[in-house]
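Source file: work_2.txt; contents: compact mmCIF, C-alpha atoms and all ligand atoms.
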```
# COMPACT_ATOMS: atom_id res chain seq x y z
CA MET Z 269 146.88 -46.34 -80.32
CA THR Z 270 145.26 -48.75 -77.94
CA ARG Z 271 141.79 -50.04 -77.19
CA LEU Z 272 140.49 -47.79 -74.41
CA ARG Z 273 137.81 -48.67 -71.87
CA CYS Z 274 135.54 -45.64 -71.83
CA ASP Z 275 132.42 -44.32 -70.11
CA PHE Z 276 131.23 -40.88 -71.20
CA HIS Z 277 128.11 -40.44 -69.03
CA ILE Z 278 128.59 -40.25 -65.25
CA HIS Z 279 126.78 -38.30 -62.50
CA THR Z 280 128.18 -37.17 -59.15
CA THR Z 281 126.87 -35.37 -56.07
CA ASN Z 282 127.03 -32.19 -58.17
CA SER Z 283 123.67 -33.40 -59.52
CA ASP Z 284 121.64 -36.52 -58.68
CA GLY Z 285 124.50 -39.03 -58.36
CA THR Z 286 125.48 -40.58 -55.02
CA CYS Z 287 129.29 -40.57 -55.58
CA SER Z 288 131.57 -37.59 -55.09
CA ILE Z 289 134.01 -36.77 -57.90
CA GLN Z 290 136.75 -38.46 -55.82
CA GLU Z 291 134.68 -41.62 -55.41
CA VAL Z 292 134.04 -41.73 -59.16
CA LEU Z 293 137.78 -41.52 -59.89
CA GLN Z 294 138.55 -44.32 -57.44
CA LEU Z 295 135.71 -46.50 -58.71
CA TYR Z 296 136.79 -46.28 -62.35
CA ALA Z 297 140.49 -46.59 -61.56
CA ARG Z 298 139.76 -49.82 -59.67
CA GLN Z 299 137.94 -51.20 -62.70
CA ARG Z 300 140.88 -50.25 -64.96
CA PHE Z 301 139.06 -47.71 -67.11
CA ASP Z 302 141.06 -45.41 -69.38
CA VAL Z 303 138.75 -42.51 -70.30
CA ILE Z 304 135.69 -41.23 -68.44
CA ALA Z 305 133.50 -38.13 -68.63
CA ILE Z 306 131.70 -36.61 -65.65
CA THR Z 307 128.46 -35.15 -66.96
CA ASP Z 308 126.23 -33.73 -64.24
CA HIS Z 309 122.78 -32.39 -65.06
CA ALA Z 310 122.02 -28.78 -65.93
CA VAL Z 311 118.23 -28.51 -66.19
CA GLU Z 312 115.70 -26.24 -67.87
CA GLN Z 313 113.88 -23.52 -65.88
CA ALA Z 314 110.71 -25.57 -65.30
CA SER Z 315 112.67 -28.43 -63.67
CA LEU Z 316 114.74 -25.92 -61.72
CA ARG Z 317 111.56 -24.42 -60.23
CA GLU Z 318 110.16 -27.87 -59.47
CA PHE Z 319 113.39 -29.02 -57.80
CA ALA Z 320 113.48 -25.83 -55.70
CA LEU Z 321 109.93 -26.53 -54.47
CA GLN Z 322 110.60 -30.15 -53.61
CA GLY Z 323 114.09 -29.50 -52.17
CA GLY Z 324 116.18 -31.32 -54.76
CA PRO Z 325 117.86 -32.96 -56.51
CA GLN Z 326 120.86 -30.71 -56.91
CA THR Z 327 121.87 -29.61 -60.41
CA VAL Z 328 124.53 -27.46 -62.04
CA THR Z 329 123.16 -23.98 -62.71
CA GLN Z 330 124.38 -20.97 -64.66
CA GLU Z 331 125.59 -19.54 -61.31
CA THR Z 332 127.48 -22.67 -60.20
CA PHE Z 333 128.80 -23.71 -63.63
CA ALA Z 334 132.22 -22.00 -63.29
CA ASP Z 335 132.82 -23.64 -59.88
CA TYR Z 336 131.72 -27.02 -61.26
CA LEU Z 337 134.13 -26.74 -64.19
CA HIS Z 338 136.91 -25.67 -61.86
CA LEU Z 339 136.34 -28.79 -59.72
CA LEU Z 340 136.49 -30.98 -62.82
CA GLU Z 341 139.68 -29.34 -64.10
CA LYS Z 342 141.34 -30.01 -60.73
CA ALA Z 343 140.03 -33.59 -60.75
CA LYS Z 344 141.32 -34.06 -64.31
CA LYS Z 345 144.86 -33.33 -63.19
CA GLU Z 346 144.56 -35.64 -60.19
CA ALA Z 347 142.97 -38.41 -62.29
CA ARG Z 348 145.95 -38.42 -64.61
CA GLU Z 349 148.66 -38.15 -61.96
CA ARG Z 350 147.20 -40.52 -59.38
CA TYR Z 351 145.05 -42.94 -61.34
CA ASP Z 352 146.36 -42.88 -64.94
CA LEU Z 353 142.78 -41.99 -65.91
CA HIS Z 354 141.77 -39.51 -68.60
CA LEU Z 355 138.89 -37.38 -67.23
CA ILE Z 356 136.82 -35.28 -69.64
CA PRO Z 357 134.79 -32.40 -68.14
CA GLY Z 358 131.22 -32.60 -69.35
CA ILE Z 359 127.63 -31.69 -68.67
CA GLU Z 360 124.26 -33.28 -69.45
CA VAL Z 361 122.12 -30.51 -70.91
CA THR Z 362 118.75 -31.66 -69.61
CA ASN Z 363 115.35 -30.50 -70.78
CA ASN Z 364 112.70 -32.64 -69.07
CA THR Z 365 109.79 -30.55 -70.37
CA LYS Z 366 110.68 -31.02 -74.03
CA GLU Z 367 112.16 -34.45 -73.34
CA TYR Z 368 115.75 -34.22 -74.51
CA HIS Z 369 119.02 -34.85 -72.74
CA ILE Z 370 122.27 -33.99 -74.57
CA LEU Z 371 125.84 -34.62 -73.42
CA ALA Z 372 128.41 -31.90 -74.01
CA LEU Z 373 131.84 -33.55 -73.67
CA ASP Z 374 134.85 -31.29 -73.13
CA VAL Z 375 132.49 -28.43 -72.30
CA LYS Z 376 133.99 -25.00 -71.66
CA GLU Z 377 131.10 -22.59 -71.15
CA TRP Z 378 127.52 -22.61 -69.86
CA ILE Z 379 124.84 -23.99 -72.22
CA ASP Z 380 121.19 -23.09 -71.64
CA PRO Z 381 118.97 -26.23 -71.44
CA ASP Z 382 115.95 -24.15 -72.50
CA TRP Z 383 117.41 -23.70 -75.99
CA SER Z 384 116.23 -25.89 -78.88
CA VAL Z 385 118.18 -29.03 -79.83
CA PRO Z 386 119.87 -27.39 -82.89
CA GLU Z 387 120.79 -24.32 -80.79
CA ILE Z 388 122.30 -26.48 -78.04
CA VAL Z 389 124.29 -28.59 -80.51
CA ALA Z 390 125.52 -25.45 -82.34
CA GLU Z 391 126.74 -24.02 -79.03
CA ILE Z 392 128.48 -27.31 -78.13
CA HIS Z 393 130.26 -27.25 -81.49
CA ARG Z 394 131.16 -23.56 -81.13
CA GLN Z 395 133.00 -24.57 -77.95
CA GLY Z 396 134.85 -27.36 -79.78
CA ALA Z 397 133.00 -29.88 -77.60
CA ILE Z 398 131.22 -33.13 -78.57
CA ALA Z 399 127.43 -33.46 -78.74
CA VAL Z 400 125.94 -36.85 -77.83
CA ALA Z 401 122.23 -37.74 -77.99
CA CYS Z 402 121.38 -39.43 -74.66
CA HIS Z 403 119.13 -42.46 -74.15
CA PRO Z 404 117.11 -41.75 -77.32
CA ALA Z 405 114.10 -43.92 -76.65
CA LYS Z 406 110.40 -43.68 -76.09
CA LYS Z 407 108.82 -44.43 -72.73
CA GLU Z 408 107.28 -47.71 -73.73
CA GLY Z 409 109.10 -50.08 -75.98
CA GLU Z 410 112.83 -49.90 -76.17
CA VAL Z 411 113.50 -48.48 -72.74
CA LEU Z 412 111.65 -48.10 -69.49
CA GLN Z 413 113.55 -45.38 -67.77
CA GLY Z 414 111.66 -42.21 -68.56
CA PRO Z 415 110.07 -39.97 -71.12
CA PHE Z 416 112.90 -39.07 -73.49
CA ARG Z 417 110.91 -39.24 -76.69
CA HIS Z 418 112.04 -36.13 -78.50
CA LEU Z 419 115.41 -37.39 -79.76
CA TYR Z 420 113.95 -40.83 -80.47
CA GLU Z 421 111.04 -39.44 -82.49
CA ASN Z 422 113.28 -37.03 -84.40
CA ARG Z 423 116.15 -39.44 -84.92
CA GLU Z 424 116.03 -39.21 -88.73
CA LYS Z 425 115.86 -35.41 -88.65
CA TYR Z 426 118.76 -35.09 -86.18
CA ARG Z 427 120.68 -38.04 -87.58
CA THR Z 428 123.76 -36.08 -88.67
CA LEU Z 429 123.37 -33.22 -86.18
CA PHE Z 430 124.99 -35.10 -83.29
CA ASP Z 431 128.58 -36.33 -83.19
CA ALA Z 432 127.39 -39.57 -81.64
CA TRP Z 433 124.26 -41.29 -80.30
CA GLU Z 434 123.92 -43.56 -77.30
CA VAL Z 435 123.07 -46.96 -78.76
CA ALA Z 436 123.09 -48.29 -75.20
CA ASN Z 437 122.53 -46.68 -71.83
CA ARG Z 438 123.22 -48.67 -68.66
CA TYR Z 439 121.35 -51.99 -69.21
CA HIS Z 440 119.28 -50.90 -72.22
CA LEU Z 441 120.04 -51.34 -75.91
CA PHE Z 442 118.38 -49.17 -78.57
CA PRO Z 443 118.14 -51.18 -81.81
CA SER Z 444 116.51 -48.35 -83.79
CA ILE Z 445 119.55 -46.17 -83.08
CA GLY Z 446 121.80 -48.94 -84.37
CA LEU Z 447 119.78 -48.88 -87.58
CA LEU Z 448 120.56 -45.19 -88.07
CA LYS Z 449 124.17 -46.19 -88.82
CA VAL Z 450 125.59 -43.19 -87.00
CA PRO Z 451 128.62 -43.02 -84.69
CA PHE Z 452 127.46 -44.63 -81.47
CA LEU Z 453 128.49 -44.84 -77.83
CA ALA Z 454 127.44 -47.01 -74.91
CA ASN Z 455 127.47 -45.38 -71.48
CA SER Z 456 126.51 -46.31 -67.93
CA ASP Z 457 124.69 -43.05 -67.00
CA LEU Z 458 126.11 -43.88 -63.57
CA HIS Z 459 124.16 -42.52 -60.62
CA ARG Z 460 125.15 -45.19 -58.08
CA PRO Z 461 128.34 -47.31 -57.87
CA ASN Z 462 126.63 -50.52 -59.02
CA HIS Z 463 125.69 -48.83 -62.31
CA ILE Z 464 129.32 -49.34 -63.36
CA PHE Z 465 128.20 -52.84 -64.39
CA SER Z 466 126.63 -51.80 -67.66
CA TRP Z 467 127.18 -51.34 -71.40
CA LYS Z 468 130.30 -49.30 -72.14
CA THR Z 469 132.43 -48.22 -75.09
CA LEU Z 470 135.79 -49.47 -76.36
CA LEU Z 471 137.53 -46.87 -78.52
CA THR Z 472 140.75 -47.08 -80.46
CA ALA Z 473 142.46 -43.83 -79.58
CA GLU Z 474 145.41 -42.29 -77.82
CA LYS Z 475 144.83 -41.78 -74.09
CA PHE Z 476 145.22 -38.22 -72.71
CA ASN Z 477 145.00 -36.89 -76.26
CA MET Z 478 141.60 -35.19 -76.50
CA ALA Z 479 141.91 -34.67 -80.26
CA SER Z 480 142.49 -38.38 -80.74
CA VAL Z 481 139.58 -39.34 -78.45
CA LYS Z 482 137.30 -36.84 -80.26
CA GLN Z 483 138.32 -38.23 -83.61
CA ALA Z 484 137.59 -41.77 -82.41
CA ILE Z 485 134.14 -40.79 -81.05
CA CYS Z 486 133.13 -38.95 -84.23
CA LYS Z 487 134.69 -41.15 -86.90
CA GLY Z 488 136.68 -43.96 -85.42
CA GLU Z 489 136.46 -47.59 -84.69
CA ARG Z 490 134.43 -48.49 -81.64
CA ALA Z 491 132.68 -51.40 -80.00
CA ILE Z 492 130.36 -51.72 -77.06
CA PHE Z 493 131.10 -54.06 -74.23
CA TRP Z 494 129.33 -55.32 -71.17
CA HIS Z 495 131.27 -54.91 -67.99
CA GLY Z 496 130.02 -57.43 -65.47
ZN ZN Z 501 119.60 -38.26 -68.97
ZN ZN Z 502 122.48 -38.94 -67.22
```

Is it possible to express this structure as structure tokens?
Amino acid sequence: MTRLRCDFHIHTTNSDGTCSIQEVLQLYARQRFDVIAITDHAVEQASLREFALQGGPQTVTQETFADYLHLLEKAKKEARERYDLHLIPGIEVTNNTKEYHILALDVKEWIDPDWSVPEIVAEIHRQGAIAVACHPAKKEGEVLQGPFRHLYENREKYRTLFDAWEVANRYHLFPSIGLLKVPFLANSDLHRPNHIFSWKTLLTAEKFNMASVKQAICKGERAIFWHG
């Protein structure tokens, strides 16, 4: 078991990120990361309609999900063979109307962002995947980056529902999530290459062993670190 440099929240050109999957692999390999998850957005119907009207950004949809997963499975093999990097296929289940974003790590099937939070988490668990509450903060106060109030406001109610909570996202720290005393993660939510300089997670786990990484996320020892 070693201390692994991890980032479980990364976007690519499959949604609103600027890096291709290839560029993400190279970027993280250069910075000597061990475990990363690519988690492009899948959005609720209202956002999908809005994005269609305004011509973007791109997202993963029910129709493109199988192709997206296929790309990630191919990249996972390449990441290991070429870069000694453990890539986890993921998705960010994104509901902008109801203001919750949820990571599904090691996702296997489509998850509908219009479902309620408990329904989404139940589906993630049915798939044997990991459910992470993303940037749980209100618009004013702990974070400035958008209206994601639902998970923040319901943090006591959902406390044990999620496998882990983001206690930090990119440059922001969420002290009230720390006070929940739940398993936490720190992720970059990378959309552009310079976002790699952000809060991240150190996990004690066995690389390329998903069961070990899962165990470490849900129950294990972890620390957050700033990568500058
Ligand atoms: Zn998000
Ligand atoms: Zn994100």

Applying 12 Å and all atoms listed in the file, which residues near Glu434 of chain Z remain after dropping the ones on its own chain fewer than 5 positions away? List them as an MDAnalysis selection string.
chainID Z and resid 275:277 369:371 399:405 419:420 423 439:446 448:457 467:469 485 492

Segment 299-303 of chain Z environment, 7 Å, all atoms listed in the file, sequence neighbours closer than 5 positions dropped, as a list in words
Leu272, Arg273, Cys274, Asp275, Leu353, His354 and Leu355 of chain Z

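Of the listed residues (Z:Leu295, Z:Leu339, Z:Met269, Z:Ala372), Z:Ala372 comes nearest to ligand ZN 501 (chain Z); the distances count only C-alpha atoms and all ligand atoms.
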
Which protein, DNA or RNA residues are at most 6 Å from (131.5, -22.8, -65.7) in the file's coordinates when you count only C-alpha atoms, listed as a PDB file with C-alpha atoms, in the coordinates of the input?
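In the end it all went to selection.pdb:
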```pdb
ATOM      1  CA  PHE Z 333     128.800 -23.710 -63.630  1.00  0.00           C
ATOM      2  CA  ALA Z 334     132.220 -22.000 -63.290  1.00  0.00           C
ATOM      3  CA  LEU Z 337     134.130 -26.740 -64.190  1.00  0.00           C
ATOM      4  CA  GLU Z 377     131.100 -22.590 -71.150  1.00  0.00           C
ATOM      5  CA  TRP Z 378     127.520 -22.610 -69.860  1.00  0.00           C
TER       6      TRP Z 378
END
```

Which residues are close to Glu367 of chain Z, i.e. within 9 Å by only C-alpha atoms, leaving aside same-chain residues fewer than 4 positions away? Reply as a ChimeraX atom specification.
/Z:362-363,415-419

Env of Leu373 of chain Z: 6 Å cut, atoms = only C-alpha atoms, seq-sep filter 3 positions within chain, self excluded. Answer as a PyMOL selection string.
chain Z and resi 358+397-398

Compare Z:Val389, Z:Ala320, Z:Ile278, Z:Val435 by their minimum atom-to-atom distance to Leu447 of chain Z, counting only C-alpha atoms, and give me the closest one.
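For Leu447 of chain Z, the nearest of the given residues is Z:Val435.
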
What's around His279 of chain Z at 7 Å? Count all atoms listed in the file, leave out sequence neighbours fewer than 3 positions away in its own chain, and write the answer as a ChimeraX atom specification.
/Z:283-285,306-308,457-459

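Take atom CA of Glu360 of chain Z and atom ZN of ligand ZN 501 (chain Z): the distance between them is 6.8 Å.
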
Shortest interatomic distance to Glu318 of chain Z - which of Z:Asn437, Z:Tyr296, Z:Gly488, Z:Asn364, counting all atoms listed in the file:
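Answer, going by the shortest atom-to-atom distance: Z:Asn364.
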
Z:Pro461, Z:Cys287, Z:Lys344, Z:Val311: which is nearest ligand ZN 501 (chain Z), counting all atoms listed in the file?
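Residue with the minimum atom-to-atom distance to ligand ZN 501 (chain Z): Z:Val311.
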
Among listed residues Z:Ala297, Z:Ala473, Z:His495, Z:Ser480, nearest Asp352 of chain Z (using only C-alpha atoms):
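Of all the options, Z:Ala297 lies closest to Asp352 of chain Z.
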
Under the rule that all atoms listed in the file are counted, which of Z:Leu429, Z:Leu470, Z:Thr329, Z:Ile359 is the nearest residue to ligand ZN 501 (chain Z)?
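Among the listed residues, Z:Ile359 lies closest to ligand ZN 501 (chain Z).
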
Please return segment 420-432 of chain Z, rebuilt to N, CA and C atoms, as an mmCIF file, keeping the file's coordinate frame.
```cif
data_model
loop_
_atom_site.group_PDB
_atom_site.id
_atom_site.type_symbol
_atom_site.label_atom_id
_atom_site.label_comp_id
_atom_site.auth_asym_id
_atom_site.auth_seq_id
_atom_site.Cartn_x
_atom_site.Cartn_y
_atom_site.Cartn_z
ATOM 1 N N TYR Z 420 114.357 -39.571 -79.825
ATOM 2 C CA TYR Z 420 113.950 -40.830 -80.470
ATOM 3 C C TYR Z 420 113.040 -40.535 -81.666
ATOM 4 N N GLU Z 421 112.025 -39.700 -81.430
ATOM 5 C CA GLU Z 421 111.040 -39.440 -82.490
ATOM 6 C C GLU Z 421 111.626 -38.628 -83.642
ATOM 7 N N ASN Z 422 112.670 -37.857 -83.356
ATOM 8 C CA ASN Z 422 113.280 -37.030 -84.400
ATOM 9 C C ASN Z 422 114.635 -37.572 -84.844
ATOM 10 N N ARG Z 423 114.820 -38.879 -84.670
ATOM 11 C CA ARG Z 423 116.150 -39.440 -84.920
ATOM 12 C C ARG Z 423 116.576 -39.313 -86.385
ATOM 13 N N GLU Z 424 115.645 -39.371 -87.322
ATOM 14 C CA GLU Z 424 116.030 -39.210 -88.730
ATOM 15 C C GLU Z 424 116.418 -37.756 -88.999
ATOM 16 N N LYS Z 425 115.617 -36.841 -88.443
ATOM 17 C CA LYS Z 425 115.860 -35.410 -88.650
ATOM 18 C C LYS Z 425 117.207 -34.959 -88.050
ATOM 19 N N TYR Z 426 117.538 -35.489 -86.878
ATOM 20 C CA TYR Z 426 118.760 -35.090 -86.180
ATOM 21 C C TYR Z 426 119.934 -36.023 -86.474
ATOM 22 N N ARG Z 427 119.719 -36.964 -87.366
ATOM 23 C CA ARG Z 427 120.680 -38.040 -87.580
ATOM 24 C C ARG Z 427 122.132 -37.559 -87.642
ATOM 25 N N THR Z 428 122.375 -36.532 -88.477
ATOM 26 C CA THR Z 428 123.760 -36.080 -88.670
ATOM 27 C C THR Z 428 124.104 -34.858 -87.805
ATOM 28 N N LEU Z 429 123.135 -34.397 -87.022
ATOM 29 C CA LEU Z 429 123.370 -33.220 -86.180
ATOM 30 C C LEU Z 429 124.357 -33.546 -85.058
ATOM 31 N N PHE Z 430 124.162 -34.713 -84.436
ATOM 32 C CA PHE Z 430 124.990 -35.100 -83.290
ATOM 33 C C PHE Z 430 126.300 -35.743 -83.758
ATOM 34 N N ASP Z 431 127.308 -35.654 -82.897
ATOM 35 C CA ASP Z 431 128.580 -36.330 -83.190
ATOM 36 C C ASP Z 431 128.452 -37.820 -82.931
ATOM 37 N N ALA Z 432 127.603 -38.162 -81.952
ATOM 38 C CA ALA Z 432 127.390 -39.570 -81.640
ATOM 39 C C ALA Z 432 126.047 -39.737 -80.920
#
```
